[in-house]
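Let me begin by presenting the structure, written as structure tokens, before commenting on it.
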Amino acid sequence: MGRPPKPLLDLDRITSAALDLVEESGGFTMPQLAKKLKVSPSSLYNHVSGRDDIVELLRGRAMSDVEMPEAKTPWRDAVAQIARGYRGSYGRYPRLIPLLTAQAVNNSAAFGMYNTLAKVLTDAGFSAADVLRAITVLDSFVLGSALDLAAPDAPWENSAEVGQEFRAALDTAGTREARSEDAFEFGLHALLSGLSPR
């Protein structure tokens with residue numbers, strides 16, 4: 001019996017199947033992934049070194065749509081562009097976020113984004129320590145905002161415990177998407193306004 005004309009497995013198929021499992025249940029195991037792909041678990045190890053390798057493939061898939069700014073873009077505009085792309089990318093896969101934040105980054109697409117951010121901020125006059133602080137704050141804000149895209153339509157219960165001021169605030173909310181987008185842009189503006197080289 002000869003080899004099949006097309007390989008049964010490749011990195012793209014493995015990544016897509018793992019992403020399906022994460023979207024269904026929030027995670028995956030190697031046996032679950034092998035079962036979904038209708039192969040033996042040992043077959044996966046011909047393509048990846050293990051689960052951590054697949055998590056990084058998932059990170060790469062999520063980050064693949066983040067477009068980097070052109071050179072000479074003013075630093076605040078450059079950071080805003082990256083933040084919007086980063087949030088949009090992770091917002092498509094919110095169940096990936098806990099999985100990805102539990103593991104150290106080791107993916108070229110992600111490093112490309114972080115390298116660009118570090119260069120933009122360094123060129124703007126930020127110290128190395130402040131570059132790290134700014135990237136950490138941006139990560140926290142963007143990932144939280146991406147999770148908010150997957151929140152229920154009404155993230156807060158209509159409870160008797162809701163105070164008058166909070167009720168007035170809640171009454172200003174539009175759709176989930178509109179509220180989330182408005183809050184993200186409000187927060188991004190506040191974050192960027194508060195950042196400056198020292």
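Quick note on naming: the chains in the structure tokens go A, B, ... in the order shown, residues restart at 1 in each chain, and ligands are numbered from 1 in order of appearance.
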Within segment 10-74 of chain A, find each residue whose DSSP state, derived from the backbone, is helix (DSSP H, G or I), and express the selection as a PyMOL selection string.
-> chain A and resi 11-25+30-37+41-44+51-63
For segment 39-51 of chain A, work out the shell of residues within 7 Å, counting only C-alpha atoms and skipping chain neighbours fewer than 3 positions away, then give it as a list in words.
-> Asp10, Leu11, Met30, Pro31, Ala34, Lys35, Ile54 and Val55 of chain A
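Residues lying within 10 Å of Ser25 of chain A, counting only C-alpha atoms and ignoring same-chain neighbours fewer than 5 positions away, are Leu19, Asp20 and Arg95 of chain A.
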Identify, on the basis of only C-alpha atoms, every residue whose closest approach to segment 121-126 of chain A does not exceed 9 Å; exclude the query and any residue fewer than 6 positions from it along the same chain; express the result as number ranges by chain.
-> A: 74-76, 79, 134, 196-198
Which residues are near Arg176 of chain A? Cut-off 12 Å, only C-alpha atoms, ignore same chain within fewer than 2 positions. Put them as an mmCIF file with N, CA and C atoms, in the first residue's frame.
data_model
loop_
_atom_site.group_PDB
_atom_site.id
_atom_site.type_symbol
_atom_site.label_atom_id
_atom_site.label_comp_id
_atom_site.auth_asym_id
_atom_site.auth_seq_id
_atom_site.Cartn_x
_atom_site.Cartn_y
_atom_site.Cartn_z
ATOM 1 N N ASP A 148 -13.681 41.048 26.768
ATOM 2 C CA ASP A 148 -14.949 41.782 26.845
ATOM 3 C C ASP A 148 -15.778 41.611 25.575
ATOM 4 N N LEU A 149 -15.108 41.375 24.441
ATOM 5 C CA LEU A 149 -15.854 41.137 23.195
ATOM 6 C C LEU A 149 -16.708 39.882 23.273
ATOM 7 N N ALA A 150 -16.339 38.961 24.157
ATOM 8 C CA ALA A 150 -17.085 37.707 24.299
ATOM 9 C C ALA A 150 -18.010 37.719 25.514
ATOM 10 N N ALA A 151 -18.146 38.872 26.157
ATOM 11 C CA ALA A 151 -19.009 38.967 27.339
ATOM 12 C C ALA A 151 -20.472 38.788 26.943
ATOM 13 N N PRO A 152 -21.332 38.460 27.898
ATOM 14 C CA PRO A 152 -22.766 38.392 27.589
ATOM 15 C C PRO A 152 -23.276 39.749 27.112
ATOM 16 N N ASP A 153 -24.396 39.735 26.420
ATOM 17 C CA ASP A 153 -24.972 40.997 25.930
ATOM 18 C C ASP A 153 -25.188 41.981 27.076
ATOM 19 N N ALA A 154 -25.604 41.471 28.230
ATOM 20 C CA ALA A 154 -25.749 42.294 29.431
ATOM 21 C C ALA A 154 -24.793 41.735 30.485
ATOM 22 N N PRO A 155 -23.565 42.250 30.570
ATOM 23 C CA PRO A 155 -22.573 41.672 31.472
ATOM 24 C C PRO A 155 -22.923 41.794 32.953
ATOM 25 N N TRP A 156 -23.819 42.710 33.317
ATOM 26 C CA TRP A 156 -24.219 42.893 34.711
ATOM 27 C C TRP A 156 -25.698 42.550 34.839
ATOM 28 N N LEU A 170 -25.248 52.236 33.320
ATOM 29 C CA LEU A 170 -25.692 51.096 32.515
ATOM 30 C C LEU A 170 -26.728 51.508 31.475
ATOM 31 N N THR A 172 -26.709 53.954 29.655
ATOM 32 C CA THR A 172 -26.088 54.577 28.474
ATOM 33 C C THR A 172 -25.547 53.532 27.491
ATOM 34 N N ALA A 173 -25.531 52.270 27.912
ATOM 35 C CA ALA A 173 -24.933 51.218 27.069
ATOM 36 C C ALA A 173 -25.816 50.931 25.861
ATOM 37 N N GLY A 174 -25.164 50.739 24.730
ATOM 38 C CA GLY A 174 -25.877 50.283 23.530
ATOM 39 C C GLY A 174 -25.758 48.774 23.445
ATOM 40 N N ALA A 178 -21.115 47.627 20.589
ATOM 41 C CA ALA A 178 -20.917 49.076 20.654
ATOM 42 C C ALA A 178 -20.320 49.482 21.998
ATOM 43 N N ARG A 179 -20.829 48.891 23.096
ATOM 44 C CA ARG A 179 -20.306 49.210 24.424
ATOM 45 C C ARG A 179 -18.841 48.810 24.538
ATOM 46 N N SER A 180 -18.518 47.596 24.043
ATOM 47 C CA SER A 180 -17.143 47.112 24.133
ATOM 48 C C SER A 180 -16.194 47.966 23.302
ATOM 49 N N GLU A 181 -16.611 48.310 22.095
ATOM 50 C CA GLU A 181 -15.765 49.133 21.214
ATOM 51 C C GLU A 181 -15.551 50.515 21.812
ATOM 52 N N ASP A 182 -16.628 51.115 22.340
ATOM 53 C CA ASP A 182 -16.534 52.439 22.941
ATOM 54 C C ASP A 182 -15.602 52.423 24.148
ATOM 55 N N ALA A 183 -15.741 51.403 24.993
ATOM 56 C CA ALA A 183 -14.885 51.301 26.178
ATOM 57 C C ALA A 183 -13.426 51.087 25.776
#
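Among the candidate residues A:Phe111, A:Tyr93, A:Phe186, A:Phe28, the one lying nearest to Ala80 of chain A is A:Phe186, with distances computed using only C-alpha atoms.
Considering the residues A:Val131, A:Val137, A:Val105, A:Leu195 and counting only C-alpha atoms, Lys119 of chain A has its shortest atom-to-atom contact with A:Val131.
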Can I get the residues of segment 107-149 of chain A within 8 Å of segment 59-63 of chain A, each with the closest pair of atoms and their distance in Å to one decimal, using only C-alpha atoms, sorted chain first then ascending number, as a Markdown table?
| residue | atom | partner | partner_atom | distance |
| --- | --- | --- | --- | --- |
| A:Asn107 | CA | A:Gly60 | CA | 6.1 |
| A:Ser108 | CA | A:Gly60 | CA | 7.3 |
| A:Ala109 | CA | A:Gly60 | CA | 5.5 |
| A:Ala110 | CA | A:Met63 | CA | 6.2 |
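Closest approach to Pro69 of chain A from the set A:Leu9, A:Met113, A:Leu37, A:Leu96 is made by A:Met113, with distances taken over only C-alpha atoms.
Note that the spacing between atom CA of Ala17 of chain A and atom CA of Asp139 of chain A amounts to 26.4 Å.
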Atomic distance atom CA of Ala78 of chain A - atom CA of Gly144 of chain A, expressed in Å with one decimal | 20.2 Å
